[in-house]
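Structure file protein16.cif with mmCIF, C-alpha atoms:
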data_structure
loop_
_atom_site.label_atom_id
_atom_site.label_comp_id
_atom_site.auth_asym_id
_atom_site.auth_seq_id
_atom_site.Cartn_x
_atom_site.Cartn_y
_atom_site.Cartn_z
CA MET A 2 -48.25 -10.30 27.88
CA GLU A 3 -50.03 -13.32 29.33
CA ASP A 4 -51.07 -13.45 32.96
CA PRO A 5 -49.67 -16.66 34.52
CA ASP A 6 -51.28 -15.92 37.88
CA PHE A 7 -54.78 -15.56 36.50
CA GLN A 8 -57.03 -18.43 37.58
CA LYS A 9 -60.10 -19.86 35.87
CA GLY A 10 -62.15 -18.90 38.91
CA ASP A 11 -61.14 -15.30 38.38
CA GLN A 12 -62.19 -15.57 34.74
CA LYS A 13 -65.63 -16.86 35.77
CA SER A 14 -65.94 -13.96 38.19
CA ILE A 15 -65.25 -11.49 35.39
CA ILE A 16 -67.92 -13.13 33.23
CA GLY A 17 -70.47 -13.02 36.05
CA ASN A 18 -69.54 -9.45 36.89
CA ILE A 19 -70.08 -8.27 33.31
CA ILE A 20 -73.32 -10.22 32.85
CA ASN A 21 -74.80 -8.85 36.09
CA GLN A 22 -74.06 -5.28 35.05
CA LEU A 23 -75.51 -5.83 31.60
CA ARG A 24 -78.68 -7.15 33.19
CA GLN A 25 -78.91 -3.94 35.15
CA GLY A 26 -78.83 -1.97 31.91
CA THR A 27 -75.39 -0.47 32.47
CA GLU A 28 -73.74 1.07 29.43
CA LEU A 29 -70.63 -0.76 28.26
CA THR A 30 -68.46 2.27 28.97
CA LYS A 31 -69.59 2.23 32.60
CA ILE A 32 -68.92 -1.44 33.35
CA THR A 33 -66.56 -1.84 36.31
CA LEU A 34 -64.22 -4.77 36.68
CA PRO A 35 -63.58 -6.67 39.94
CA THR A 36 -60.64 -5.45 42.01
CA PHE A 37 -58.46 -8.51 41.34
CA VAL A 38 -57.82 -7.27 37.80
CA LEU A 39 -56.86 -3.78 38.95
CA GLU A 40 -53.35 -2.39 39.03
CA PRO A 41 -52.74 -0.63 42.38
CA ARG A 42 -52.50 2.89 40.94
CA SER A 43 -54.55 5.37 38.94
CA MET A 44 -54.48 6.02 35.21
CA CYS A 45 -53.36 9.56 36.07
CA GLU A 46 -50.13 8.08 37.41
CA ARG A 47 -49.84 5.33 34.80
CA LEU A 48 -49.57 7.94 32.03
CA SER A 49 -46.39 9.32 33.63
CA ASP A 50 -44.58 6.08 32.72
CA PHE A 51 -44.15 7.63 29.29
CA LEU A 52 -41.59 9.98 30.84
CA SER A 53 -39.28 7.22 32.02
CA HIS A 54 -36.83 7.93 29.18
CA GLN A 55 -37.41 11.66 28.76
CA ASP A 56 -33.67 12.31 28.33
CA LEU A 57 -34.00 11.00 24.76
CA LEU A 58 -35.63 14.34 24.01
CA PHE A 59 -32.72 16.34 25.45
CA ASP A 60 -30.17 18.26 23.37
CA MET A 61 -32.19 17.92 20.16
CA GLN A 62 -32.34 21.44 18.80
CA HIS A 63 -28.91 21.27 17.16
CA LEU A 64 -29.83 18.12 15.24
CA GLN A 65 -30.79 18.03 11.59
CA PRO A 66 -34.56 17.63 10.95
CA GLN A 67 -34.35 13.92 10.05
CA GLU A 68 -32.15 13.11 13.06
CA ARG A 69 -34.51 15.02 15.31
CA PHE A 70 -37.54 13.20 13.93
CA LEU A 71 -35.83 9.82 14.44
CA ARG A 72 -35.19 10.77 18.06
CA ILE A 73 -38.89 11.60 18.51
CA VAL A 74 -39.81 8.20 17.05
CA LYS A 75 -37.33 6.45 19.34
CA TYR A 76 -38.68 8.26 22.39
CA TYR A 77 -42.21 7.25 21.44
CA LEU A 78 -41.41 3.58 20.87
CA VAL A 79 -39.67 3.10 24.23
CA GLY A 80 -42.63 4.54 26.13
CA PHE A 81 -44.72 1.38 26.45
CA HIS A 82 -42.52 -1.30 27.98
CA ILE A 83 -43.10 -0.27 31.62
CA ARG A 84 -46.31 -2.05 32.53
CA PRO A 85 -47.81 -4.28 35.22
CA GLN A 86 -47.30 -8.01 35.13
CA GLY A 87 -50.14 -9.78 33.35
CA VAL A 88 -53.64 -8.40 32.78
CA ARG A 89 -54.06 -5.42 35.06
CA LYS A 90 -56.08 -2.23 34.61
CA PRO A 91 -55.36 1.04 36.48
CA PHE A 92 -58.07 2.75 38.53
CA ASN A 93 -60.50 4.95 36.63
CA PRO A 94 -59.76 8.49 37.90
CA ILE A 95 -62.54 10.47 39.51
CA LEU A 96 -63.46 13.94 38.25
CA GLY A 97 -60.86 16.42 39.50
CA GLU A 98 -58.32 13.79 40.46
CA PHE A 99 -54.74 14.69 39.57
CA PHE A 100 -51.22 13.31 39.73
CA ARG A 101 -48.17 15.55 39.76
CA ALA A 102 -44.48 14.82 39.93
CA GLN A 103 -41.07 16.38 39.56
CA TYR A 104 -37.98 14.99 37.81
CA ARG A 105 -34.30 15.74 38.10
CA VAL A 106 -32.59 14.49 34.94
CA ASN A 107 -29.10 15.46 33.76
CA ASP A 108 -29.12 18.63 35.89
CA CYS A 109 -32.50 19.61 34.46
CA ASP A 110 -35.71 20.06 36.44
CA ALA A 111 -38.89 18.81 34.80
CA PHE A 112 -42.52 18.69 35.91
CA TRP A 113 -45.64 16.66 35.16
CA VAL A 114 -49.30 17.14 35.97
CA CYS A 115 -52.24 15.01 34.86
CA GLU A 116 -55.86 15.85 35.65
CA GLN A 117 -59.14 14.02 35.10
CA VAL A 118 -61.16 16.68 33.32
CA SER A 119 -64.29 14.59 32.67
CA HIS A 120 -65.75 11.48 34.25
CA HIS A 121 -68.64 10.61 31.88
CA PRO A 122 -67.37 10.39 29.24
CA PRO A 123 -63.86 9.93 30.66
CA ALA A 124 -61.17 12.37 29.58
CA THR A 125 -57.70 12.97 30.98
CA ALA A 126 -55.44 15.93 30.20
CA TYR A 127 -51.70 16.11 30.91
CA PHE A 128 -48.74 18.47 30.67
CA TYR A 129 -44.96 18.01 30.96
CA SER A 130 -42.36 20.74 30.92
CA CYS A 131 -38.56 20.82 31.02
CA PRO A 132 -37.84 24.53 30.53
CA LYS A 133 -34.04 24.21 30.43
CA GLN A 134 -34.37 21.94 27.39
CA GLU A 135 -37.31 23.91 25.93
CA ILE A 136 -39.41 20.74 25.92
CA ALA A 137 -43.14 20.56 26.51
CA ILE A 138 -45.57 17.68 26.09
CA GLN A 139 -49.28 18.37 26.10
CA GLY A 140 -52.08 15.96 25.39
CA GLU A 141 -55.27 14.20 26.34
CA ILE A 142 -56.89 10.79 26.12
CA HIS A 143 -60.55 9.91 25.72
CA PRO A 144 -60.70 6.15 26.36
CA LYS A 145 -63.71 4.28 25.05
CA ALA A 146 -64.42 0.75 26.22
CA LYS A 147 -65.76 -1.88 23.86
CA PHE A 148 -66.56 -5.56 24.33
CA SER A 149 -66.42 -7.95 21.39
CA GLY A 150 -66.63 -11.70 21.79
CA ASN A 151 -63.68 -12.90 23.85
CA SER A 152 -61.97 -9.51 23.99
CA ALA A 153 -62.30 -6.16 25.69
CA SER A 154 -60.69 -3.15 24.09
CA THR A 155 -59.93 0.39 25.15
CA LEU A 156 -59.83 2.75 22.19
CA MET A 157 -57.40 5.54 23.08
CA GLU A 158 -58.88 8.51 21.29
CA GLY A 159 -57.10 11.85 21.50
CA GLY A 160 -53.41 12.54 21.02
CA PHE A 161 -50.52 14.68 22.17
CA THR A 162 -48.00 17.25 21.01
CA ILE A 163 -44.28 17.27 21.73
CA SER A 164 -42.68 20.71 21.42
CA VAL A 165 -38.91 21.08 21.25
CA GLY A 166 -38.17 24.76 20.95
CA LYS A 167 -39.99 25.90 17.81
CA HIS A 168 -40.43 22.36 16.50
CA GLN A 169 -43.71 20.53 17.06
CA TYR A 170 -44.66 16.89 16.60
CA GLU A 171 -48.16 15.40 16.67
CA LEU A 172 -48.63 11.85 17.95
CA THR A 173 -51.48 9.40 18.53
CA ALA A 174 -51.70 6.40 20.86
CA PRO A 175 -52.28 2.68 20.19
CA ASN A 176 -55.39 0.91 21.42
CA ILE A 177 -55.28 -1.61 24.28
CA TYR A 178 -56.78 -5.10 24.07
CA ALA A 179 -57.49 -7.66 26.78
CA ARG A 180 -57.87 -11.08 25.18
CA GLY A 181 -59.31 -14.27 26.62
CA ILE A 182 -61.75 -12.66 29.05
CA LEU A 183 -64.34 -15.43 28.50
CA PHE A 184 -62.20 -18.47 27.64
CA GLY A 185 -58.58 -19.33 26.97
CA ARG A 186 -55.50 -17.67 28.40
CA MET A 187 -55.83 -14.00 29.32
CA PHE A 188 -53.29 -11.55 27.93
CA MET A 189 -53.01 -7.90 27.01
CA GLU A 190 -51.59 -6.33 23.88
CA LEU A 191 -51.33 -3.03 22.03
CA GLY A 192 -52.81 -2.85 18.56
CA ASP A 193 -53.64 -0.85 15.45
CA THR A 194 -51.79 1.93 13.65
CA VAL A 195 -50.56 5.24 15.05
CA THR A 196 -48.95 8.23 13.37
CA ILE A 197 -46.21 10.72 14.20
CA THR A 198 -45.83 13.87 12.11
CA GLY A 199 -43.43 16.81 12.19
CA ASP A 200 -40.49 18.48 10.41
CA GLY A 201 -41.99 17.38 7.09
CA PHE A 202 -41.80 13.67 8.00
CA THR A 203 -44.46 11.08 8.79
CA CYS A 204 -44.08 7.83 10.69
CA GLU A 205 -46.77 5.15 10.62
CA ILE A 206 -46.38 2.48 13.28
CA GLU A 207 -48.37 -0.73 13.30
CA PHE A 208 -48.69 -2.42 16.67
CA LYS A 209 -49.24 -6.01 15.61
CA VAL A 210 -51.79 -8.19 17.38
CA ARG A 211 -51.95 -11.96 17.57
CA GLY A 212 -54.09 -13.74 15.02
CA MET A 213 -57.11 -15.67 16.23
CA PHE A 214 -55.58 -19.03 15.30
CA THR A 215 -51.89 -18.12 15.39
CA ASP A 216 -49.45 -17.64 18.22
CA LYS A 217 -47.43 -14.63 17.15
CA GLU A 218 -44.66 -13.29 19.33
CA ASP A 219 -45.71 -10.55 21.70
CA ASP A 220 -45.26 -6.81 21.28
CA LYS A 221 -44.18 -6.64 17.64
CA ILE A 222 -44.17 -3.39 15.68
CA SER A 223 -43.58 -2.42 12.09
CA ALA A 224 -42.96 1.21 11.13
CA LYS A 225 -42.19 3.29 8.07
CA ILE A 226 -40.76 6.79 8.10
CA LYS A 227 -41.65 8.80 5.01
CA GLN A 228 -41.00 12.18 3.47
CA ASP A 229 -43.09 13.37 0.54
CA GLY A 230 -44.49 9.85 0.15
CA LYS A 231 -41.04 8.23 -0.11
CA THR A 232 -40.06 5.62 2.49
CA LEU A 233 -36.73 6.56 4.08
CA HIS A 234 -36.52 4.09 6.95
CA LYS A 235 -38.21 0.94 8.23
CA ILE A 236 -38.29 -0.10 11.86
CA THR A 237 -39.15 -3.59 13.12
CA GLY A 238 -38.86 -5.49 16.35
CA SER A 239 -40.46 -5.59 19.78
CA TRP A 240 -41.53 -2.51 21.70
CA SER A 241 -40.73 -4.37 24.92
CA GLY A 242 -37.24 -5.39 23.75
CA GLN A 243 -35.06 -4.62 20.75
CA MET A 244 -36.03 -2.67 17.63
CA TYR A 245 -34.05 -2.39 14.40
CA ILE A 246 -33.89 0.21 11.64
CA SER A 247 -33.00 -0.12 7.97
CA SER A 248 -32.60 2.47 5.24
CA GLY A 249 -33.08 1.57 1.58
CA ASN A 250 -31.24 -1.64 0.75
CA GLN A 251 -28.94 -1.42 3.76
CA GLU A 252 -28.79 -4.09 6.45
CA LYS A 253 -30.87 -3.38 9.51
CA VAL A 254 -29.04 -2.17 12.60
CA LEU A 255 -30.06 -1.83 16.22
CA PHE A 256 -32.27 1.22 16.70
CA VAL A 257 -32.87 0.87 20.42
CA ASP A 258 -32.89 -1.74 23.20
CA VAL A 259 -35.45 -0.61 25.75
CA ASN A 260 -33.97 -2.79 28.49
CA ALA A 261 -30.61 -1.01 28.18
CA LEU A 262 -32.07 2.43 28.88
CA PRO A 263 -31.98 4.04 32.34
CA ILE A 264 -35.35 4.73 33.93
CA HIS A 265 -35.71 8.17 35.47
CA ALA A 266 -37.70 8.01 38.67
CA LYS A 267 -40.44 10.49 39.46
CA ILE A 268 -40.28 12.55 42.65
CA VAL A 269 -43.68 12.55 44.35
CA SER A 270 -44.69 14.23 47.61
CA PRO A 271 -45.23 11.85 50.57
CA LEU A 272 -48.83 10.88 51.25
CA GLN A 273 -49.13 13.08 54.34
CA ASP A 274 -48.34 16.13 52.21
CA GLN A 275 -50.73 15.31 49.38
CA GLU A 276 -54.16 16.82 48.83
CA GLU A 277 -57.37 14.78 48.92
CA TYR A 278 -57.71 14.82 45.12
CA GLU A 279 -54.14 13.61 44.50
CA SER A 280 -54.07 10.10 43.07
CA ARG A 281 -51.85 8.29 45.54
CA ASN A 282 -53.56 9.83 48.55
CA LEU A 283 -57.05 9.26 47.15
CA TRP A 284 -56.51 5.58 46.26
CA GLN A 285 -54.03 4.65 49.00
CA HIS A 286 -56.32 2.25 50.88
CA VAL A 287 -57.51 0.52 47.71
CA ALA A 288 -53.94 0.14 46.49
CA SER A 289 -52.75 -1.19 49.85
CA ALA A 290 -55.53 -3.79 49.95
CA ILE A 291 -54.76 -4.97 46.40
CA ILE A 292 -51.04 -5.30 47.19
CA LYS A 293 -51.97 -7.38 50.25
CA ASP A 294 -54.35 -9.44 48.08
CA ASN A 295 -57.32 -8.47 50.27
CA GLN A 296 -59.93 -8.15 47.53
CA TYR A 297 -62.83 -7.69 49.95
CA LEU A 298 -61.21 -4.66 51.58
CA ALA A 299 -60.15 -3.31 48.17
CA THR A 300 -63.78 -3.45 47.00
CA VAL A 301 -65.01 -1.74 50.17
CA GLU A 302 -62.49 1.10 49.87
CA LYS A 303 -63.10 1.51 46.14
CA THR A 304 -66.86 1.71 46.75
CA LYS A 305 -66.31 4.46 49.33
CA ILE A 306 -64.56 6.60 46.72
CA GLU A 307 -67.19 5.96 44.07
CA ASP A 308 -70.09 6.66 46.46
CA ASN A 309 -68.49 9.87 47.68
CA GLN A 310 -67.94 10.99 44.10
CA ARG A 311 -71.65 10.48 43.35
CA ARG A 312 -72.62 12.47 46.43
CA ARG A 313 -70.30 15.31 45.42
CA CYS A 314 -71.88 15.33 41.97
CA LYS A 315 -75.44 15.44 43.40
CA LEU A 316 -74.48 18.30 45.70
CA ARG A 317 -73.04 20.36 42.84
CA GLU A 318 -76.20 19.73 40.80
CA ALA A 319 -78.39 20.83 43.71
CA LEU A 320 -76.34 24.00 44.14
CA GLY A 321 -76.16 24.67 40.41
CA VAL A 322 -72.37 24.62 40.52
CA LYS A 323 -70.34 23.53 37.51
CA TRP A 324 -67.03 21.74 38.06
CA GLN A 325 -64.00 23.90 37.22
CA TRP A 326 -60.77 22.42 35.88
CA ARG A 327 -57.78 23.21 38.02
CA PHE A 328 -54.76 22.94 35.70
CA PHE A 329 -56.26 23.00 32.21
CA GLU A 330 -58.61 24.93 29.96
CA THR A 331 -60.01 24.33 26.50
CA ARG A 332 -58.92 26.07 23.33
CA GLY A 333 -60.96 24.94 20.40
CA ASP A 334 -61.41 21.21 20.87
CA ARG A 335 -58.22 20.63 22.88
CA PHE A 336 -57.19 20.88 26.51
CA VAL A 337 -54.12 23.02 27.24
CA PHE A 338 -52.16 23.95 30.35
CA LYS A 339 -53.84 27.08 31.74
CA TRP A 340 -50.67 29.13 32.03
CA GLN A 341 -48.77 28.01 28.96
CA ASP A 342 -48.78 31.50 27.40
CA GLN A 343 -47.44 33.04 30.62
CA ILE A 344 -44.35 30.84 30.94
CA PRO A 345 -41.26 33.13 30.88
CA ARG A 346 -38.65 32.67 28.16
CA ASP A 347 -35.77 32.62 30.61
CA PRO A 348 -35.16 28.92 31.55
CA GLU A 349 -34.60 29.57 35.26
CA LYS A 350 -37.65 31.79 35.59
CA ALA A 351 -39.69 29.34 33.52
CA THR A 352 -38.65 26.45 35.76
CA GLN A 353 -39.79 28.28 38.88
CA PHE A 354 -43.00 29.49 37.23
CA VAL A 355 -44.09 26.02 36.08
CA LYS A 356 -43.20 24.50 39.46
CA ASP A 357 -45.21 27.17 41.30
CA ARG A 358 -48.27 26.68 39.09
CA ILE A 359 -48.27 22.89 39.38
CA PHE A 360 -47.52 22.68 43.10
CA GLU A 361 -49.43 25.68 44.45
CA ARG A 362 -52.26 25.15 46.91
CA PRO A 363 -55.79 25.05 45.47
CA GLN A 364 -57.47 28.43 45.12
CA GLN A 365 -61.07 27.31 44.61
CA GLU A 366 -63.08 25.73 47.42
CA MET A 367 -64.25 22.81 45.25
CA HIS A 368 -60.62 21.69 44.81
CA GLN A 369 -59.74 21.78 48.51
CA SER A 370 -61.53 18.67 49.78
CA PHE A 371 -63.04 15.52 48.31
CA TRP A 372 -64.38 13.59 51.29
CA MET A 373 -67.81 14.46 52.70
CA PRO A 374 -69.03 13.44 56.18
CA PRO A 375 -71.06 10.24 55.74
CA GLU A 376 -73.97 11.60 57.78
CA ASP A 377 -74.27 14.87 55.87
CA ASP A 378 -74.53 15.08 52.09
CA GLY A 379 -75.10 18.85 52.11
CA LEU A 380 -78.36 18.56 50.19
CA GLN A 381 -80.48 19.95 53.02
CA LYS A 382 -78.31 23.07 53.09
CA ALA A 383 -78.62 23.31 49.33
CA LYS A 384 -82.40 23.40 49.66
#

Using the file provided, produce a representation of the structure as structure tokens.
Amino acid sequence: MEDPDFQKGDQKSIIGNIINQLRQGTELTKITLPTFVLEPRSMCERLSDFLSHQDLLFDMQHLQPQERFLRIVKYYLVGFHIRPQGVRKPFNPILGEFFRAQYRVNDCDAFWVCEQVSHHPPATAYFYSCPKQEIAIQGEIHPKAKFSGNSASTLMEGGFTISVGKHQYELTAPNIYARGILFGRMFMELGDTVTITGDGFTCEIEFKVRGMFTDKEDDKISAKIKQDGKTLHKITGSWSGQMYISSGNQEKVLFVDVNALPIHAKIVSPLQDQEEYESRNLWQHVASAIIKDNQYLATVEKTKIEDNQRRRCKLREALGVKWQWRFFETRGDRFVFKWQDQIPRDPEKATQFVKDRIFERPQQEMHQSFWMPPEDDGLQKAK
């Protein structure tokens, strides 16, 4: 998607911003972009967009394996079309930041929590549960920034698992590219190949990118669904519009039209009821300034958050305190929801249990407050 509102002056500012940071010896992964290219919300909230069509996962257990796998593929492909206009990047979450929400879909209660579990290098873990439908989604992303010529890319390492009853599906995410950051028209696109596996099937999806000297249509995908190496279905089209499926020599038919699907809104607590580490509360002044196009104020407020985060980190180091994750823990090399093994089998009890765990008040002192008084960094007490 191209950014029609992006001005050449903005482009020059990006160039100067990057060059200045490189001169200071900043690692590429730590380069910050000016506030005028920021979307007014955090990545922790942005990831919840993938739940906008969660009802596609409902009532799946009675389906045959191939039908169920096709539904998983459909759910995945419709998860990308909700996005900001033009070239906009969400806020980088601070360590311990989290976003949580509740959904009410087709008489089912569902819950989402996303937590920033590492700042350098960045890592974000997330969990979704709809107990009545026996659906759980658990995953993590480890974004890695890379600059190459006229492009900036975010490599979305990690993946996620969708569980539907006893059935599990493993999925990976496409990479994100910002083109034209030095010259030409700026636009963003998804690229590279992702995989979905489960029920004995594999789906490889290629997110097509524009050629250097060609003007391909935006948002095109090409996918093949295979079983035992044999191609059963092919899917083509636009992940921001219509996609079509064909089987063997049959004519292709409409697989899904993303613009015809209802979007299920998230239910989020009002700002006055949110904790200091909750995304909307934490970034509210930055977001407000960006919406009002006050880039100076947005930069000031963003700097306050970043400076306070550094002070918190120095204080923990001085005290010899290690940060503790609030909602997740590691098992092997993956992050999982802390209480996943304790969720009751009964749907009603499970619904209440998950809600209580996600929305309970923080138990540890380090999770209770983010902001430190500007005149006291706590280091003297630490000594």

Would you mind telling me which residue in A:Ser49, A:Asn176, A:Gln67, A:Gln275 lies nearest to Lys145 in chain A when using only C-alpha atoms?
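Residue with the minimum atom-to-atom distance to Lys145 in chain A: A:Asn176.
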
As a check of understanding: the span from CA of Ala111 in chain A to CA of Ser164 in chain A is 14.0 Å

Range 344-351 of chain A environment, 8 Å, only C-alpha atoms, sequence neighbours closer than 5 positions dropped, as number ranges by chain:
A: 132-133, 135

With only C-alpha atoms as the counted atoms, please give the residues lying no more than 10 Å from Trp240 in chain A, apart from itself and same-chain residues fewer than 2 positions off, as a list of chain:residue names.
A:Tyr77, A:Leu78, A:Val79, A:Gly80, A:Phe81, A:His82, A:Leu191, A:Phe208, A:Asp219, A:Asp220, A:Lys221, A:Ile222, A:Ser223, A:Thr237, A:Gly238, A:Gly242, A:Gln243, A:Met244, A:Val257, A:Asp258, A:Val259

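Restricting the calculation to all atoms listed in the file, the smallest distance between Glu171 in chain A and any of A:Glu205, A:Glu307, A:Glu68, A:Glu190 is found for A:Glu205.
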
Output the residue selection produced by the PyMOL selection byres ((chain A and resi 127) around 10) on the file above, formatted as a ChimeraX atom specification.
/A:45,48-49,99-101,113-118,125-126,128-129,138-142,161,328-329,336-338

Residues just named, written with C-alpha atoms as a PDB file, in the frame of the given file:
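Writing done, so here's part_36.pdb:
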ATOM      1  CA  CYS A  45     -53.360   9.560  36.070  1.00  0.00           C
ATOM      2  CA  LEU A  48     -49.570   7.940  32.030  1.00  0.00           C
ATOM      3  CA  SER A  49     -46.390   9.320  33.630  1.00  0.00           C
ATOM      4  CA  PHE A  99     -54.740  14.690  39.570  1.00  0.00           C
ATOM      5  CA  PHE A 100     -51.220  13.310  39.730  1.00  0.00           C
ATOM      6  CA  ARG A 101     -48.170  15.550  39.760  1.00  0.00           C
ATOM      7  CA  TRP A 113     -45.640  16.660  35.160  1.00  0.00           C
ATOM      8  CA  VAL A 114     -49.300  17.140  35.970  1.00  0.00           C
ATOM      9  CA  CYS A 115     -52.240  15.010  34.860  1.00  0.00           C
ATOM     10  CA  GLU A 116     -55.860  15.850  35.650  1.00  0.00           C
ATOM     11  CA  GLN A 117     -59.140  14.020  35.100  1.00  0.00           C
ATOM     12  CA  VAL A 118     -61.160  16.680  33.320  1.00  0.00           C
ATOM     13  CA  THR A 125     -57.700  12.970  30.980  1.00  0.00           C
ATOM     14  CA  ALA A 126     -55.440  15.930  30.200  1.00  0.00           C
ATOM     15  CA  PHE A 128     -48.740  18.470  30.670  1.00  0.00           C
ATOM     16  CA  TYR A 129     -44.960  18.010  30.960  1.00  0.00           C
ATOM     17  CA  ILE A 138     -45.570  17.680  26.090  1.00  0.00           C
ATOM     18  CA  GLN A 139     -49.280  18.370  26.100  1.00  0.00           C
ATOM     19  CA  GLY A 140     -52.080  15.960  25.390  1.00  0.00           C
ATOM     20  CA  GLU A 141     -55.270  14.200  26.340  1.00  0.00           C
ATOM     21  CA  ILE A 142     -56.890  10.790  26.120  1.00  0.00           C
ATOM     22  CA  PHE A 161     -50.520  14.680  22.170  1.00  0.00           C
ATOM     23  CA  PHE A 328     -54.760  22.940  35.700  1.00  0.00           C
ATOM     24  CA  PHE A 329     -56.260  23.000  32.210  1.00  0.00           C
ATOM     25  CA  PHE A 336     -57.190  20.880  26.510  1.00  0.00           C
ATOM     26  CA  VAL A 337     -54.120  23.020  27.240  1.00  0.00           C
ATOM     27  CA  PHE A 338     -52.160  23.950  30.350  1.00  0.00           C
TER      28      PHE A 338
END

Ground truth for the PyMOL selection byres ((chain A and resi 301) around 12), written as an NGL selection string
:A and (35-36 or 284 or 286-288 or 290-291 or 295-300 or 302-308)

With 8 Å on each side, where is the centre of the axis-aligned box around all listed atoms of range 340-352 of chain A, and how long are its edges in Å to one decimal, as lines of an AutoDock Vina configuration file?
center_x = -42.6
center_y = 29.8
center_z = 31.6
size_x = 32.1
size_y = 22.7
size_z = 24.4

Determine the residue membership of the PyMOL selection byres ((chain A and resi 192-199) around 10) for the file above and supply it as an MDAnalysis selection string.
chainID A and resid 66:67 69:70 73:74 77 154 156 160:163 168:178 189:191 200:211 220:227

In Å, with one decimal, what is the gap from CA of Gly321 in chain A to CA of Ser370 in chain A?
18.4 Å
